[in-house]
Number of protein chains: 2
Amino acid sequence: MALEELMALEEKPPTIYDVARAAGVASSTVSRTFARPGRVNFETAERIRKVATELGYRANPLARALPTGRTSMIALVISDVTNPFYNEIIRGAQVAAGEAGYTMLLADAQESGALERESLERAMASVDGIVLATSRMPDSAIRMTAKQRPTVVLNRAVTDVPSVVTDNPQGMRRAVEHLAGLGHEQITYVAGPEASWADGVRWASLRDAAAHSELQARRIGPYPPTVAGGAEATAELARQPVTAVIAYNDLMAIGVIRALTALGVRVPREVSVVGFDNIFAAELVTPALTTVATPLRAMGLTGVRNLLAIVGGARPRSPEPVTLPAGLVVRGSAAHRSRKRTSPAWGTTSVSGSAAKAAGSTEAGSR
Amino acid sequence: MALEELMALEEKPPTIYDVARAAGVASSTVSRTFARPGRVNFETAERIRKVATELGYRANPLARALPTGRTSMIALVISDVTNPFYNEIIRGAQVAAGEAGYTMLLADAQESGALERESLERAMASVDGIVLATSRMPDSAIRMTAKQRPTVVLNRAVTDVPSVVTDNPQGMRRAVEHLAGLGHEQITYVAGPEASWADGVRWASLRDAAAHSELQARRIGPYPPTVAGGAEATAELARQPVTAVIAYNDLMAIGVIRALTALGVRVPREVSVVGFDNIFAAELVTPALTTVATPLRAMGLTGVRNLLAIVGGARPRSPEPVTLPAGLVVRGSAAHRSRKRTSPAWGTTSVSGSAAKAAGSTEAGSR
DNA sequence: TTGAAAGCGCTAACAT
DNA sequence: ATGTTAGCGCTTTCAA
């Protein structure tokens with residue numbers, strides 16, 4: 001025991017040949033024992049397994065990958081690890097990969113399409129499949145990737161590439177109905193990046209839902225999908241006062257709330273703000289954010305599961321994206337529409353610049 | 001052109017032999033061209049590179065790994081991807097890996113020591129080195145790992161294993177001096193997990209710094225290093241009122257603020273709260289958190305850089321951990337000590353339970 | 001059921 | 001400077 005342990009530490013790890021020799025069989029039999037059990041005599045297998053354990057044998061996954069072409073690794077590509085939006089997605093992906101005995105490679109595009117392609121290219125050869133979470137690449141590049149390796153796209157619909165998306169219309173409907181129920185008569189949508197597939201869908205869904213509830217819908221933007229972006233949007237928001245806004249995502253919603261507050265506009269008393277995604281921080285801000293919860297973890301989970309199914313030989317079910325349900329998490333940032341306007345800031349276009357500044361930067365927003 | 005592209009898509013990727021044949025040289029020459037340039041005639045190399053590009057040749061990293069034993073992959077192991085603490089660390093690690101042409105494997109321990117070992121074991125064989133960020137494993141297991149593969153530990157000092165840590169004493173000193181400057185005369189430390197190396201160091205540093213500034217230091221805990229943990233601690237906090245608290249980390253500080261607020265105690269007017277780490281959310285809460293900024297991204301960056309240096313053959317400099325400076329980010333959660341106590345909640349032990357509940361759960365804390 | 005042998009794509013001596 | 005030839009550790013026909 002102590003001997004093997006010492007050896008395992010100092011020497012190079014045992015190979016299949018070491019096990020074969022120690023067990024008195026051919027290396028191919030050892031291979032079969034692990035790769036294709038059932039094709040080998042039970043007793044022999046037992047003996048081999050015993051010897052393998054004693055020697056501390058672990059099959060070298062890289063060596064295995066060479067003849068088989070299967071690496072038991074997948075790549076998860078995300079556009080910005082720094083964005084809290086991804087934490088739960090990564091977790092979900094990791095869990096799904098783990099249960100299948102897969103190892104996960106993480107490629108962070110750092111907001112750059114070029115970097116995304118580069119790291120993707122690097123990873124491509126080493127993985128059995130790829131999950132693209134909110135990719136910055138154009139559809140064509142994604143389709144190209146999908147031709148080389150099984151690929152699943154998250155949060156986006158790409159023709160001919162399997163994808164997993166949130167039920168944005170459903171989520172939006174819930175948000176709009178909630179706001180309608182609170183007496184609001186018009187809603188302003190603060191748009192995220194134009195290039196974002198989700199942004200388009202969310203705005204369209206908002207229009208539909210608003211029409212259905214007989215509310216007015218307005219859209220401003222696009223703005224960057226960040227706290228600063230939300231703050232920036234507030235300048236425009238202040239120009240044509242509204243009682244309810246739905247932001248493209250939570251980060252922007254938080255930015256709106258902060259900028260509004262800095263302007264002296266009270267949330268939710270004067271303006272109700274609803275976000276999208278239900279990231280970790282949504283619960284932490286004041287007032288806590290009412291938001292459409294997208295099933296982040298489930299998205300990572302089913303994305304990887306579907307990918308592995310395809311890797312395993314399954315045909316993608318249908319051309320339609322797999323759609324996950326969205327719920328509304330009611331917290332404190334949306335409330336009954338108030339009848340009167342107490343804040344003098346409304347309509348005072350001149351302060352809008354400073355409001356954005358106040359909430360957008362770290363220093364100024366802090367006190 | 002179009003032809004090669006088509007082929008590249010439908011056929012299996014070209015091998016080194018395809019390139020060799022097309023260029024009219026031996027495969028070893030092709031290999032040298034890429035692996036050991038300079039050892040091959042310039043013209044020949046040119047021709048080979050040209051042919052390789054035309055064919056769309058990309059060396060198969062797995063095949064390369066077999067004879068060389070080097071995979072150009074490293075593993076980053078973290079205890080919980082869900083924790084916002086890691087986002088910047090991952091980014092830093094990713095950047096450093098990328099600049100060196102390395103690919104990063106991510107292993108999420110999901111809070112479980114067993115899972116950590118398991119995924120580590122799986123990844124071990126495929127990587128050239130390992131970065132353990134805030135590992136849950138005992139020192140012995142870490143040392144064991146370090147024997148098998150170059151390993152760097154983050155946020156923790158393990159004898160004989162290279163590590164990168166924050167200058168906790170420095171950060172703590174700054175926090176304490178800040179509080180002292182605001183007129184506080186005693187500080188309560190809300191402790192995180194007992195098993196945490198950082199927790200021990202932080203508390204010790206707080207004592208030292210407090211002694212130096214002639215303040216009283218008290219410690220309560222341990223509590224879980226989460227928002228709920230901070231809320232829980234507040235029950236105890238309320239029992240022996242204080243004017244200033246420093247929490248083990250930002251999440252706990254946020255929990256304390258919320259629970260205090262729920263109790264009717266105003267932050268920072270009645271109690272000043274200081275956090276640790278400066279995670280993304282610290283800026284978002286109300287009041288914004290004054291906190292000791294640990295250089296999260298730099299930590300990931302230098303962790304990986306040091307690891308790769310060791311992989312490249314460098315000897316670890318010294319047995320001492322590499323220490324990164326910590327700064328204090330002053331925001332709104334710490335202020336001058338007030339002379340009077342306005343809140344009736346203080347000392348009212350009976351409400352402490354509900355306070356913790358109020359701030360600890362999603363629902364109750366939201367309004 | 002088991003063994004022998006030929007690769008997987010690449011690198012690394014050793015020759016030339 | 002280039003070619004030849006063994007492998008790296010594992011899988012997979014093909015025979016036995």
# chains A, B, ... in the order shown; residues from 1 in each chain; ligands from 1

$ interface_residues --of "chain C" --to "chain A" --cutoff "9 Å" --atoms "only C-alpha atoms (C1' of nucleotides)" --output "JSON, numbers by chain"
{"C": [1, 2, 3, 4, 7, 8, 9]}

$ interface_residues --of "chain A" --to "chain B" --cutoff "7 Å" --atoms "only C-alpha atoms" --output "PyMOL selection string"
chain A and resi 9+60-63+66+81-82+84+87-88+91+94+103-106+108+123+125-126+147-148+281+283-286+288+331-332+362+366-367

$ write_last_selection --atoms "C-alpha atoms" --output "PDB file, in the first residue's frame"
ATOM      1  CA  LEU A   9       3.811  10.020  -6.508  1.00  0.00           C
ATOM      2  CA  ASN A  60      -5.102   8.560 -19.740  1.00  0.00           C
ATOM      3  CA  PRO A  61      -7.975  10.452 -21.332  1.00  0.00           C
ATOM      4  CA  LEU A  62      -5.745  12.056 -23.936  1.00  0.00           C
ATOM      5  CA  ALA A  63      -4.324   8.801 -25.112  1.00  0.00           C
ATOM      6  CA  LEU A  66      -6.512   9.711 -30.055  1.00  0.00           C
ATOM      7  CA  VAL A  81     -17.317  35.861 -17.315  1.00  0.00           C
ATOM      8  CA  THR A  82     -17.415  39.069 -15.429  1.00  0.00           C
ATOM      9  CA  PRO A  84     -23.106  37.897 -13.104  1.00  0.00           C
ATOM     10  CA  ASN A  87     -22.751  32.334 -12.912  1.00  0.00           C
ATOM     11  CA  GLU A  88     -25.801  30.142 -12.778  1.00  0.00           C
ATOM     12  CA  ARG A  91     -23.111  26.018 -12.716  1.00  0.00           C
ATOM     13  CA  GLN A  94     -20.929  22.091 -15.003  1.00  0.00           C
ATOM     14  CA  THR A 103     -14.935  17.790 -18.308  1.00  0.00           C
ATOM     15  CA  MET A 104     -15.687  21.390 -19.141  1.00  0.00           C
ATOM     16  CA  LEU A 105     -13.474  23.842 -20.895  1.00  0.00           C
ATOM     17  CA  LEU A 106     -14.335  27.471 -20.328  1.00  0.00           C
ATOM     18  CA  ASP A 108     -14.297  33.659 -22.061  1.00  0.00           C
ATOM     19  CA  ALA A 123     -10.662  24.655 -28.041  1.00  0.00           C
ATOM     20  CA  ALA A 125     -10.018  20.354 -31.653  1.00  0.00           C
ATOM     21  CA  SER A 126     -10.057  19.191 -28.063  1.00  0.00           C
ATOM     22  CA  LYS A 147     -20.647  22.065 -38.964  1.00  0.00           C
ATOM     23  CA  GLN A 148     -17.375  21.088 -37.363  1.00  0.00           C
ATOM     24  CA  ALA A 281     -27.779  41.033  -7.385  1.00  0.00           C
ATOM     25  CA  GLU A 283     -32.368  40.663  -4.668  1.00  0.00           C
ATOM     26  CA  LEU A 284     -29.692  42.820  -3.103  1.00  0.00           C
ATOM     27  CA  VAL A 285     -30.466  46.254  -4.439  1.00  0.00           C
ATOM     28  CA  THR A 286     -32.818  48.713  -2.831  1.00  0.00           C
ATOM     29  CA  ALA A 288     -35.223  44.857  -4.477  1.00  0.00           C
ATOM     30  CA  ARG A 331     -40.125  42.212  -5.207  1.00  0.00           C
ATOM     31  CA  GLY A 332     -40.142  45.867  -4.366  1.00  0.00           C
ATOM     32  CA  THR A 362     -18.471  53.994  -9.091  1.00  0.00           C
ATOM     33  CA  SER A 366     -21.741  55.568  -3.862  1.00  0.00           C
ATOM     34  CA  ARG A 367     -23.148  58.139  -1.611  1.00  0.00           C
TER      35      ARG A 367
END

$ select_by_dssp --residues "range 75-192 of chain A" --states "strand (DSSP E or B)" --output "JSON, numbers by chain"
{"A": [75, 76, 77, 78, 103, 104, 105, 106, 107, 108, 129, 130, 131, 132, 133, 151, 152, 153, 154, 158, 161, 163, 164, 165, 166, 186, 187, 188, 189, 190]}

$ residues_around --residues "DT13 in chain D" --least-positions-apart "2" --cutoff "10 Å" --atoms "only C-alpha atoms (C1' of nucleotides)" --output "number ranges by chain"
C: 5-6; D: 11, 15

$ write_last_selection --atoms "N, CA and C atoms (P, O5', C5', C4', C3', O3' and C1' of nucleotides)" --output "compact mmCIF listing (two decimals), in the first residue's frame"
# COMPACT_ATOMS: atom_id res chain seq x y z
P DA C 5 2.21 -10.27 -33.23
O5' DA C 5 1.37 -9.08 -33.90
C5' DA C 5 0.37 -9.40 -34.87
C4' DA C 5 -0.18 -8.11 -35.45
C3' DA C 5 0.88 -7.02 -35.68
O3' DA C 5 0.48 -6.28 -36.82
C1' DA C 5 -0.73 -6.20 -34.24
P DA C 6 1.51 -5.43 -37.67
O5' DA C 6 0.55 -4.35 -38.34
C5' DA C 6 -0.79 -4.72 -38.67
C4' DA C 6 -1.70 -3.52 -38.44
C3' DA C 6 -1.07 -2.18 -38.82
O3' DA C 6 -2.05 -1.39 -39.47
C1' DA C 6 -1.82 -2.08 -36.61
P DT D 11 -8.98 2.65 -24.12
O5' DT D 11 -9.08 2.37 -25.68
C5' DT D 11 -9.52 3.41 -26.52
C4' DT D 11 -9.57 2.95 -27.95
C3' DT D 11 -10.60 1.88 -28.27
O3' DT D 11 -11.22 2.29 -29.48
C1' DT D 11 -8.49 1.19 -29.04
P DA D 15 -8.31 -12.00 -40.85
O5' DA D 15 -7.56 -13.15 -40.06
C5' DA D 15 -7.77 -13.20 -38.68
C4' DA D 15 -6.55 -13.73 -37.98
C3' DA D 15 -6.56 -15.26 -37.85
O3' DA D 15 -5.25 -15.73 -37.62
C1' DA D 15 -7.15 -14.24 -35.78

$ interface_residues --of "chain D" --to "chain A" --cutoff "8 Å" --atoms "only C-alpha atoms (C1' of nucleotides)" --output "ChimeraX atom specification"
/D:8-11

$ atom_distance --atom1 "CA of Ala334 in chain A" --atom2 "CA of Val273 in chain A"
5.5 Å

$ atom_distance --atom1 "CA of Val311 in chain A" --atom2 "CA of Asp128 in chain A"
6.8 Å

$ select_by_dssp --residues "range 157-305 of chain B" --states "helix (DSSP H, G or I)" --output "VMD selection string"
chain B and resid 168 to 181 197 to 212 227 to 239 250 to 263 280 to 283 296 to 305

$ atom_distance --atom1 "CA of Gly183 in chain A" --atom2 "CA of Ala244 in chain A"
9.9 Å

$ residues_around --residues "DA13 in chain C" --least-positions-apart "2" --cutoff "12 Å" --atoms "only C-alpha atoms (C1' of nucleotides)" --output "ChimeraX atom specification"
/B:28 /C:11,15 /D:4-7

$ residues_around --residues "range 49-55 of chain A" --least-positions-apart "4" --cutoff "7 Å" --atoms "only C-alpha atoms (C1' of nucleotides)" --output "list in words"
Glu4, Pro14, Val19, Ala22, Ala23 and Ala45 of chain A
